[in-house]
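**Student:** Structure supplied as my_file_39.csv; contents: CSV, C-alpha atoms.
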```csv
chain,number,residue,atom,x,y,z
A,1,MET,CA,0.0,0.0,0.0
A,2,ALA,CA,1.1,3.5,-0.7
A,3,LYS,CA,3.2,5.2,2.1
A,4,LEU,CA,1.3,8.4,2.3
A,5,THR,CA,-2.0,6.7,3.0
A,6,ILE,CA,-0.7,5.1,6.2
A,7,GLN,CA,-0.7,8.7,7.5
A,8,ASP,CA,-4.3,9.0,6.5
A,9,LEU,CA,-5.1,5.9,8.5
A,10,LYS,CA,-3.5,7.3,11.5
A,11,LYS,CA,-5.6,10.5,11.2
A,12,ILE,CA,-8.7,8.4,10.9
A,13,LYS,CA,-7.7,6.5,14.0
A,14,GLU,CA,-7.2,9.6,16.1
A,15,ARG,CA,-10.5,11.1,14.9
A,16,VAL,CA,-12.4,8.0,15.6
A,17,HIS,CA,-10.8,7.6,19.0
A,18,ALA,CA,-11.9,11.2,19.8
A,19,ASP,CA,-15.4,10.5,18.6
A,20,THR,CA,-15.9,7.3,20.6
A,21,PHE,CA,-14.5,9.0,23.6
A,22,LEU,CA,-17.3,11.6,23.3
A,23,ARG,CA,-20.1,9.2,22.7
A,24,GLU,CA,-19.0,6.0,24.5
A,25,GLY,CA,-19.4,4.2,21.2
A,26,ASP,CA,-23.2,4.0,21.0
A,27,ARG,CA,-24.6,2.6,17.9
A,28,ARG,CA,-28.0,3.9,16.9
A,29,VAL,CA,-28.7,2.2,13.6
A,30,LYS,CA,-27.6,-1.0,11.9
A,31,VAL,CA,-28.1,-1.4,8.2
A,32,THR,CA,-27.8,-4.9,6.7
A,33,VAL,CA,-27.3,-5.2,2.9
A,34,HIS,CA,-28.2,-8.7,1.8
A,35,MET,CA,-25.3,-10.0,-0.3
A,36,GLY,CA,-26.2,-13.4,-1.5
A,37,THR,CA,-25.6,-14.4,-5.1
A,38,CYS,CA,-29.1,-13.1,-5.9
A,39,GLY,CA,-28.6,-9.8,-4.2
A,40,ILE,CA,-25.2,-9.2,-5.8
A,41,ALA,CA,-26.6,-10.0,-9.3
A,42,ALA,CA,-29.5,-7.7,-8.7
A,43,GLY,CA,-27.2,-4.7,-7.7
A,44,ALA,CA,-26.7,-5.0,-4.0
A,45,ARG,CA,-23.2,-3.7,-4.3
A,46,ASN,CA,-24.3,-0.5,-5.8
A,47,VAL,CA,-26.8,-0.1,-2.9
A,48,MET,CA,-23.8,-0.6,-0.5
A,49,ASP,CA,-21.8,2.0,-2.4
A,50,ALA,CA,-24.6,4.5,-2.2
A,51,LEU,CA,-25.1,3.8,1.5
A,52,MET,CA,-21.4,4.3,2.3
A,53,SER,CA,-21.3,7.6,0.3
A,54,GLU,CA,-24.3,8.9,2.2
A,55,ILE,CA,-22.7,8.0,5.5
A,56,SER,CA,-19.5,9.8,4.7
A,57,GLU,CA,-21.3,12.8,3.2
A,58,SER,CA,-23.6,13.2,6.3
A,59,GLY,CA,-20.7,12.6,8.7
A,60,VAL,CA,-22.8,10.5,11.0
A,61,THR,CA,-20.9,8.1,13.3
A,62,ASP,CA,-23.7,6.1,14.8
A,63,VAL,CA,-24.6,4.0,11.8
A,64,VAL,CA,-23.0,0.6,11.2
A,65,VAL,CA,-23.2,-1.3,8.0
A,66,THR,CA,-23.0,-5.1,7.6
A,67,THR,CA,-24.0,-7.7,5.1
A,68,SER,CA,-25.8,-11.0,5.2
A,69,GLY,CA,-26.5,-13.9,2.8
A,70,CYS,CA,-29.6,-14.9,0.8
A,71,MET,CA,-32.7,-15.3,2.9
A,72,GLY,CA,-34.8,-17.0,0.2
A,73,LEU,CA,-36.6,-14.0,-1.2
A,74,CYS,CA,-34.4,-13.8,-4.3
A,75,SER,CA,-37.0,-12.2,-6.5
A,76,ARG,CA,-37.3,-9.2,-4.1
A,77,GLU,CA,-33.5,-8.4,-4.1
A,78,PRO,CA,-31.7,-6.2,-3.5
A,79,LEU,CA,-33.0,-6.2,0.1
A,80,ILE,CA,-31.8,-4.2,3.0
A,81,THR,CA,-32.8,-4.3,6.7
A,82,VAL,CA,-32.8,-1.1,8.8
A,83,GLU,CA,-32.6,-1.6,12.5
A,84,ILE,CA,-33.0,1.5,14.7
A,85,VAL,CA,-32.4,0.9,18.4
A,86,ASP,CA,-35.6,0.1,20.3
A,87,GLN,CA,-37.6,-0.2,17.0
A,88,GLU,CA,-38.7,-3.1,15.0
A,89,PRO,CA,-36.4,-3.9,12.0
A,90,ILE,CA,-37.7,-2.8,8.6
A,91,LYS,CA,-36.9,-4.6,5.4
A,92,TYR,CA,-36.9,-2.8,2.1
A,93,GLU,CA,-37.1,-4.6,-1.2
A,94,HIS,CA,-36.0,-3.9,-4.8
A,95,MET,CA,-33.5,-1.3,-3.7
A,96,ASP,CA,-31.2,0.7,-5.9
A,97,ALA,CA,-28.8,3.6,-5.2
A,98,ASN,CA,-31.5,6.3,-5.3
A,99,LYS,CA,-33.9,4.5,-3.0
A,100,MET,CA,-31.0,3.8,-0.7
A,101,ARG,CA,-30.2,7.5,-0.5
A,102,GLN,CA,-33.9,8.3,0.2
A,103,VAL,CA,-34.1,5.6,2.9
A,104,PHE,CA,-30.9,7.0,4.4
A,105,LYS,CA,-32.1,10.6,4.5
A,106,ARG,CA,-35.7,10.0,5.5
A,107,HIS,CA,-35.7,6.9,7.6
A,108,ILE,CA,-32.2,6.5,9.1
A,109,LEU,CA,-31.7,10.2,9.7
A,110,GLU,CA,-35.3,11.4,10.2
A,111,GLY,CA,-37.1,8.3,11.4
A,112,GLU,CA,-39.8,8.2,8.8
A,113,ILE,CA,-40.3,4.7,7.3
A,114,GLN,CA,-40.4,4.8,3.5
A,115,THR,CA,-43.5,2.6,3.1
A,116,PRO,CA,-43.5,2.5,-0.8
A,117,PHE,CA,-40.3,0.3,-0.7
A,118,ALA,CA,-40.9,-1.4,2.6
A,119,LEU,CA,-41.4,-5.2,2.4
A,120,ALA,CA,-41.9,-6.2,6.0
A,121,LYS,CA,-41.4,-5.5,9.7
A,122,GLY,CA,-39.4,-7.8,11.8
A,123,SER,CA,-36.5,-10.2,11.3
A,124,GLU,CA,-36.3,-13.5,9.3
A,125,THR,CA,-35.8,-16.7,11.3
A,126,ALA,CA,-34.0,-18.7,8.5
A,127,GLU,CA,-30.3,-18.2,7.9
B,1,MET,CA,-23.3,-10.8,-12.7
B,2,ILE,CA,-22.0,-8.0,-14.9
B,3,GLU,CA,-18.5,-7.7,-13.5
B,4,LEU,CA,-15.9,-10.2,-12.4
B,5,SER,CA,-15.5,-8.2,-9.2
B,6,MET,CA,-19.1,-9.2,-8.4
B,7,HIS,CA,-18.3,-12.9,-8.9
B,8,ILE,CA,-15.4,-12.4,-6.6
B,9,LEU,CA,-17.6,-10.8,-3.9
B,10,ASP,CA,-20.0,-13.7,-4.2
B,11,ILE,CA,-17.4,-16.5,-4.1
B,12,VAL,CA,-15.6,-15.0,-1.1
B,13,GLU,CA,-18.9,-14.8,0.7
B,14,ASN,CA,-18.9,-18.6,0.4
B,15,SER,CA,-15.4,-18.6,2.1
B,16,THR,CA,-16.5,-16.5,5.0
B,17,ARG,CA,-19.7,-18.6,5.5
B,18,ALA,CA,-17.4,-21.6,5.6
B,19,GLY,CA,-15.7,-20.1,8.6
B,20,ALA,CA,-12.5,-18.8,6.9
B,21,THR,CA,-10.3,-16.6,9.0
B,22,MET,CA,-8.0,-15.8,6.1
B,23,VAL,CA,-8.9,-15.3,2.4
B,24,THR,CA,-6.5,-14.6,-0.4
B,25,ILE,CA,-7.7,-13.1,-3.6
B,26,ARG,CA,-5.2,-12.9,-6.4
B,27,ILE,CA,-5.8,-11.5,-9.9
B,28,LEU,CA,-3.1,-12.0,-12.5
B,29,GLU,CA,-3.3,-10.3,-15.9
B,30,ASP,CA,-0.8,-11.6,-18.4
B,31,MET,CA,-1.0,-9.5,-21.5
B,32,LYS,CA,1.7,-11.7,-23.2
B,33,LEU,CA,-0.2,-14.9,-22.7
B,34,ASP,CA,-3.5,-13.1,-23.1
B,35,THR,CA,-4.9,-14.5,-19.9
B,36,LEU,CA,-6.6,-13.1,-16.9
B,37,SER,CA,-6.9,-15.3,-13.8
B,38,ILE,CA,-8.6,-15.0,-10.5
B,39,GLU,CA,-7.5,-17.2,-7.7
B,40,ILE,CA,-9.4,-17.3,-4.4
B,41,THR,CA,-7.9,-19.4,-1.5
B,42,ASP,CA,-9.5,-19.7,1.9
B,43,ASP,CA,-8.9,-21.7,5.1
B,44,GLY,CA,-12.6,-22.4,5.7
B,45,GLU,CA,-14.1,-25.8,6.5
B,46,GLY,CA,-13.8,-27.0,2.9
B,47,MET,CA,-16.0,-29.5,1.1
B,48,ASP,CA,-16.2,-33.3,1.2
B,49,SER,CA,-15.7,-35.0,-2.2
B,50,ASP,CA,-19.5,-35.4,-2.6
B,51,SER,CA,-20.2,-31.7,-2.2
B,52,LEU,CA,-17.2,-30.9,-4.4
B,53,LYS,CA,-18.6,-33.0,-7.2
B,54,LYS,CA,-22.0,-31.3,-7.0
B,55,ALA,CA,-20.7,-27.7,-6.5
B,56,LEU,CA,-21.0,-26.8,-10.1
B,57,ASP,CA,-24.5,-28.1,-10.4
B,58,PRO,CA,-26.9,-25.0,-10.2
B,59,PHE,CA,-29.5,-27.2,-8.5
B,60,TYR,CA,-27.2,-28.1,-5.6
B,61,THR,CA,-26.8,-25.9,-2.6
B,62,SER,CA,-25.7,-26.4,1.0
B,63,LYS,CA,-28.2,-23.8,2.2
B,64,GLY,CA,-31.7,-24.6,3.2
B,65,VAL,CA,-33.5,-21.4,2.2
B,66,ARG,CA,-33.9,-22.2,-1.5
B,67,HIS,CA,-33.2,-25.0,-4.0
B,68,VAL,CA,-30.6,-23.4,-6.2
B,69,GLY,CA,-27.0,-22.5,-5.7
B,70,LEU,CA,-25.7,-20.3,-8.6
B,71,GLY,CA,-22.5,-18.7,-7.3
B,72,LEU,CA,-19.9,-21.2,-8.5
B,73,PRO,CA,-21.9,-22.4,-11.6
B,74,MET,CA,-22.1,-18.8,-12.9
B,75,LEU,CA,-18.4,-18.2,-12.4
B,76,TYR,CA,-17.7,-21.5,-14.2
B,77,GLN,CA,-20.0,-20.5,-17.1
B,78,ALA,CA,-18.2,-17.1,-17.3
B,79,THR,CA,-14.9,-18.8,-17.8
B,80,GLN,CA,-16.3,-21.2,-20.4
B,81,ARG,CA,-17.8,-18.5,-22.6
B,82,SER,CA,-14.5,-16.7,-22.8
B,83,GLU,CA,-12.2,-19.6,-23.7
B,84,GLY,CA,-11.0,-20.0,-20.1
B,85,ARG,CA,-10.4,-22.7,-17.6
B,86,PHE,CA,-11.8,-23.4,-14.2
B,87,SER,CA,-10.7,-25.5,-11.3
B,88,LEU,CA,-12.0,-26.1,-7.8
B,89,GLU,CA,-10.1,-27.9,-5.1
B,90,SER,CA,-11.2,-28.4,-1.6
B,91,THR,CA,-10.1,-30.5,1.4
B,92,ARG,CA,-12.4,-31.0,4.4
B,93,GLY,CA,-11.0,-29.1,7.4
B,94,LYS,CA,-8.3,-27.4,5.4
B,95,GLY,CA,-9.9,-25.0,2.9
B,96,THR,CA,-10.9,-24.3,-0.7
B,97,ARG,CA,-9.2,-22.9,-3.7
B,98,VAL,CA,-11.0,-21.6,-6.7
B,99,LEU,CA,-9.2,-20.8,-9.9
B,100,ALA,CA,-11.0,-19.0,-12.8
B,101,GLU,CA,-9.0,-18.2,-15.9
B,102,PHE,CA,-10.2,-16.1,-18.9
B,103,LYS,CA,-8.9,-15.2,-22.2
B,104,GLN,CA,-8.1,-11.5,-21.5
B,105,SER,CA,-9.0,-10.2,-24.9
B,106,HIS,CA,-12.1,-12.3,-25.4
B,107,ILE,CA,-15.1,-10.2,-26.3
B,108,ASP,CA,-17.3,-12.1,-23.8
B,109,ARG,CA,-14.9,-11.7,-20.9
B,110,GLN,CA,-16.6,-9.5,-18.3
B,111,PRO,CA,-14.7,-6.4,-17.1
B,112,ILE,CA,-13.1,-6.7,-13.7
B,113,GLY,CA,-15.1,-3.7,-12.4
B,114,ASP,CA,-14.9,-2.1,-9.1
B,115,MET,CA,-12.6,-4.2,-6.8
B,116,GLY,CA,-12.4,-1.4,-4.3
B,117,SER,CA,-16.1,-1.7,-3.7
B,118,THR,CA,-15.9,-5.5,-3.6
B,119,ILE,CA,-13.2,-5.6,-0.9
B,120,MET,CA,-14.9,-2.8,1.1
B,121,THR,CA,-18.2,-4.8,1.1
B,122,LEU,CA,-16.4,-8.0,2.2
B,123,VAL,CA,-14.7,-6.2,5.0
B,124,ALA,CA,-17.9,-4.5,6.1
B,125,GLY,CA,-19.7,-7.8,6.4
B,126,ASN,CA,-16.8,-9.8,7.8
B,127,PRO,CA,-14.6,-7.4,9.9
B,128,ASP,CA,-13.0,-10.4,11.8
B,129,VAL,CA,-11.7,-12.1,8.6
B,130,ASP,CA,-8.3,-11.2,7.2
B,131,PHE,CA,-8.3,-10.5,3.5
B,132,THR,CA,-5.3,-10.2,1.2
B,133,PHE,CA,-5.8,-8.9,-2.3
B,134,THR,CA,-3.0,-8.9,-4.9
B,135,TYR,CA,-3.2,-7.7,-8.4
B,136,LEU,CA,-0.3,-8.6,-10.7
B,137,THR,CA,0.3,-7.3,-14.1
B,138,ASN,CA,3.3,-8.2,-16.4
B,139,ASP,CA,5.5,-5.5,-14.8
B,140,SER,CA,3.9,-4.4,-11.5
B,141,ALA,CA,2.0,-5.5,-8.5
B,142,TYR,CA,-0.5,-4.1,-6.0
B,143,THR,CA,-1.1,-5.7,-2.6
B,144,PHE,CA,-3.7,-4.8,0.0
B,145,GLU,CA,-3.8,-6.5,3.4
B,146,THR,CA,-6.3,-6.0,6.1
B,147,LYS,CA,-3.6,-7.2,8.6
B,148,GLU,CA,-1.6,-4.1,7.7
B,149,ILE,CA,-4.5,-1.8,8.3
B,150,ARG,CA,-5.3,-3.5,11.6
B,151,LYS,CA,-1.8,-2.7,12.8
B,152,GLU,CA,-2.3,1.0,12.1
B,153,ILE,CA,-5.7,1.5,13.5
B,154,GLU,CA,-5.2,-0.5,16.7
B,155,ASN,CA,-8.6,-0.9,18.4
B,156,VAL,CA,-10.7,1.0,15.9
B,157,PRO,CA,-12.9,-1.7,14.2
B,158,LEU,CA,-12.2,-2.5,10.6
B,159,ASN,CA,-15.8,-1.9,9.7
B,160,ASN,CA,-15.8,1.7,10.8
B,161,PRO,CA,-17.3,3.7,7.9
B,162,GLU,CA,-14.3,5.9,7.6
B,163,ILE,CA,-11.9,2.9,7.4
B,164,LEU,CA,-14.2,1.3,4.8
B,165,GLN,CA,-14.1,4.4,2.6
B,166,PHE,CA,-10.3,4.4,3.0
B,167,ILE,CA,-10.1,0.8,1.9
B,168,ARG,CA,-12.3,1.5,-1.2
B,169,GLU,CA,-10.2,4.5,-2.2
B,170,ASN,CA,-6.9,2.9,-1.5
B,171,ILE,CA,-7.7,0.0,-3.8
B,172,THR,CA,-9.1,2.1,-6.6
B,173,GLU,CA,-6.0,4.4,-6.5
B,174,GLY,CA,-3.6,1.5,-6.2
B,175,LEU,CA,-5.0,-0.3,-9.2
B,176,GLU,CA,-4.9,2.9,-11.2
B,177,GLU,CA,-1.3,3.4,-10.2
B,178,ILE,CA,-0.1,0.0,-11.6
B,179,GLY,CA,-2.2,0.5,-14.7
B,180,ALA,CA,-4.5,-2.5,-14.2
B,181,HIS,CA,-6.7,-3.1,-17.2
B,182,ASP,CA,-10.4,-3.6,-16.8
```
Let's see the structure in the file written out as structure tokens.

**Tutor:**
Amino acid sequence: MAKLTIQDLKKIKERVHADTFLREGDRRVKVTVHMGTCGIAAGARNVMDALMSEISESGVTDVVVTTSGCMGLCSREPLITVEIVDQEPIKYEHMDANKMRQVFKRHILEGEIQTPFALAKGSETAE
Amino acid sequence: MIELSMHILDIVENSTRAGATMVTIRILEDMKLDTLSIEITDDGEGMDSDSLKKALDPFYTSKGVRHVGLGLPMLYQATQRSEGRFSLESTRGKGTRVLAEFKQSHIDRQPIGDMGSTIMTLVAGNPDVDFTFTYLTNDSAYTFETKEIRKEIENVPLNNPEILQFIRENITEGLEEIGAHD
């Protein structure tokens, strides 16, 4: 890896340390992008890219992103699950980069569920 | 799948689901031999000979949620339509190695696409797994290692959004620097 960028990493580390010190590392939202074969083929990685860009543009530090496998609803992919602390998880179907940006701004930041794309409330029990 | 990097993302998700702690992704483009090869090696639980035989069958899967398993069959198909080769080796308890080779200049070879995004997504979903990504051309090489990043960031988790963005940018720039083709 390039030498200069190691310095960038150190800067990120110091900034993140300062942040977590202030907030005791609380995590308000977890977003899961479903990354099975079906999800990837349907464009889940673009959804992931859009989500990451929104996070860095907004500067929020209490949103974590993760991925999961296929849950058997391949025809509804790309799927994401938004879990806000103390609220029921919401699954969104047929996502794309634009819908992801809308869900990020309106649901994740402002708490308003975007019902036109919502598939279900709650979590799946299968793997 | 419209990019080889998406196949890679998909195949490596198999590795992490098989409990791998270390996954090596190696891309080798040889413009002299006109080949492009992708090698993915993991130390996951591996497959027994029965699963290995069925792994390329699109109607075989080890998961219970549906009746098809298209990841490996689609990568295999991608190699076959661009005069490539494919090999899959696995030892129960040791790990799995997937090798997909393509004819670099073949019109049906998919572009490699965004490897930065692929590795970023893998790290986001599997922050405890170590990934090594190497891209070799005829005269230069780029290597990315999560181990190296871990050393620098100490107790900051690897899936911190800023670290993930850093990973994506580092890979995109690194591949540009060595003049990787697409």

**Student:** Which residue out of B:Ala55, B:Leu33, B:Ala20, B:Leu72 has the minimum interatomic distance to chain A when all atoms listed in the file are used?

**Tutor:** B:Leu72

**Student:** So how many Å separate atom CA of Tyr142 of chain B and atom CA of His181 of chain B, to one decimal?

**Tutor:**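 That distance, rounded to one decimal, is 12.8 Å.
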
**Student:** At a cut-off of 7 Å, can you tabulate as a tab-separated table every residue of chain B near chain A together with its closest atom pair and the distance in Å to one decimal, using all atoms listed in the file and ordering rows by chain then number?

**Tutor:**
```
residue	atom	partner	partner_atom	distance
B:Met1	CA	A:Ala41	CA	4.8
B:Met6	CA	A:Ile40	CA	6.6
B:Asp10	CA	A:Thr37	CA	5.7
B:Val65	CA	A:Gly72	CA	5.0
B:Arg66	CA	A:Gly72	CA	5.5
B:Leu70	CA	A:Thr37	CA	6.9
B:Gly71	CA	A:Thr37	CA	5.7
B:Ser117	CA	A:Asp49	CA	6.9
B:Ala124	CA	A:Thr66	CA	5.3
B:Gly125	CA	A:Thr66	CA	4.4
B:Thr143	CA	A:Met1	CA	6.4
B:Phe144	CA	A:Met1	CA	6.1
B:Glu152	CA	A:Lys10	CA	6.4
B:Ile153	CA	A:Lys13	CA	5.4
B:Val156	CA	A:Lys13	CA	6.5
B:Pro161	CA	A:Met52	CA	7.0
B:Glu162	CA	A:Ile12	CA	7.0
```

**Student:** Rounded to one decimal place, report the atom CA of Asn159 of chain B-atom CA of Pro127 of chain B distance in Å.

**Tutor:**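 Between these atoms lies a distance of 5.6 Å.
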
**Student:** Please indicate the distance in Å from atom CA of His94 of chain A to atom CA of Ala50 of chain A, rounded to one decimal place.

**Tutor:**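 For atom CA of His94 of chain A relative to atom CA of Ala50 of chain A, the distance reads 14.4 Å.
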
**Student:** For Val129 of chain B, which of B:Val23, B:Leu175, B:Met74, B:Leu4 is the closest residue, counting only C-alpha atoms?

**Tutor:**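 Selected residue with least distance to Val129 of chain B: B:Val23.
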
**Student:** Just the residues within 12 Å of Phe104 of chain A, please, counting all atoms listed in the file, with nothing from its chain fewer than 3 positions along; format it as a PyMOL selection string.

**Tutor:** chain A and resi 29-31+47-48+50-58+60+63+65+80-84+92+95+97-101+107-114

**Student:** Could you please give me, as a ChimeraX atom specification, the residues of protein, DNA or RNA lying at most 9 Å from (-7.8, -0.7, 10.3) in the coordinate frame of the file, considering all atoms listed in the file?

**Tutor:** /A:9,13 /B:146-160,163-164,167

**Student:** Got time to write the residues from that selection, C-alpha atoms, as a PDB file, keeping the file's coordinate frame?

**Tutor:**
```pdb
ATOM      1  CA  LEU A   9      -5.100   5.900   8.500  1.00  0.00           C
ATOM      2  CA  LYS A  13      -7.700   6.500  14.000  1.00  0.00           C
TER       3      LYS A  13
ATOM      4  CA  THR B 146      -6.300  -6.000   6.100  1.00  0.00           C
ATOM      5  CA  LYS B 147      -3.600  -7.200   8.600  1.00  0.00           C
ATOM      6  CA  GLU B 148      -1.600  -4.100   7.700  1.00  0.00           C
ATOM      7  CA  ILE B 149      -4.500  -1.800   8.300  1.00  0.00           C
ATOM      8  CA  ARG B 150      -5.300  -3.500  11.600  1.00  0.00           C
ATOM      9  CA  LYS B 151      -1.800  -2.700  12.800  1.00  0.00           C
ATOM     10  CA  GLU B 152      -2.300   1.000  12.100  1.00  0.00           C
ATOM     11  CA  ILE B 153      -5.700   1.500  13.500  1.00  0.00           C
ATOM     12  CA  GLU B 154      -5.200  -0.500  16.700  1.00  0.00           C
ATOM     13  CA  ASN B 155      -8.600  -0.900  18.400  1.00  0.00           C
ATOM     14  CA  VAL B 156     -10.700   1.000  15.900  1.00  0.00           C
ATOM     15  CA  PRO B 157     -12.900  -1.700  14.200  1.00  0.00           C
ATOM     16  CA  LEU B 158     -12.200  -2.500  10.600  1.00  0.00           C
ATOM     17  CA  ASN B 159     -15.800  -1.900   9.700  1.00  0.00           C
ATOM     18  CA  ASN B 160     -15.800   1.700  10.800  1.00  0.00           C
ATOM     19  CA  ILE B 163     -11.900   2.900   7.400  1.00  0.00           C
ATOM     20  CA  LEU B 164     -14.200   1.300   4.800  1.00  0.00           C
ATOM     21  CA  ILE B 167     -10.100   0.800   1.900  1.00  0.00           C
TER      22      ILE B 167
END
```
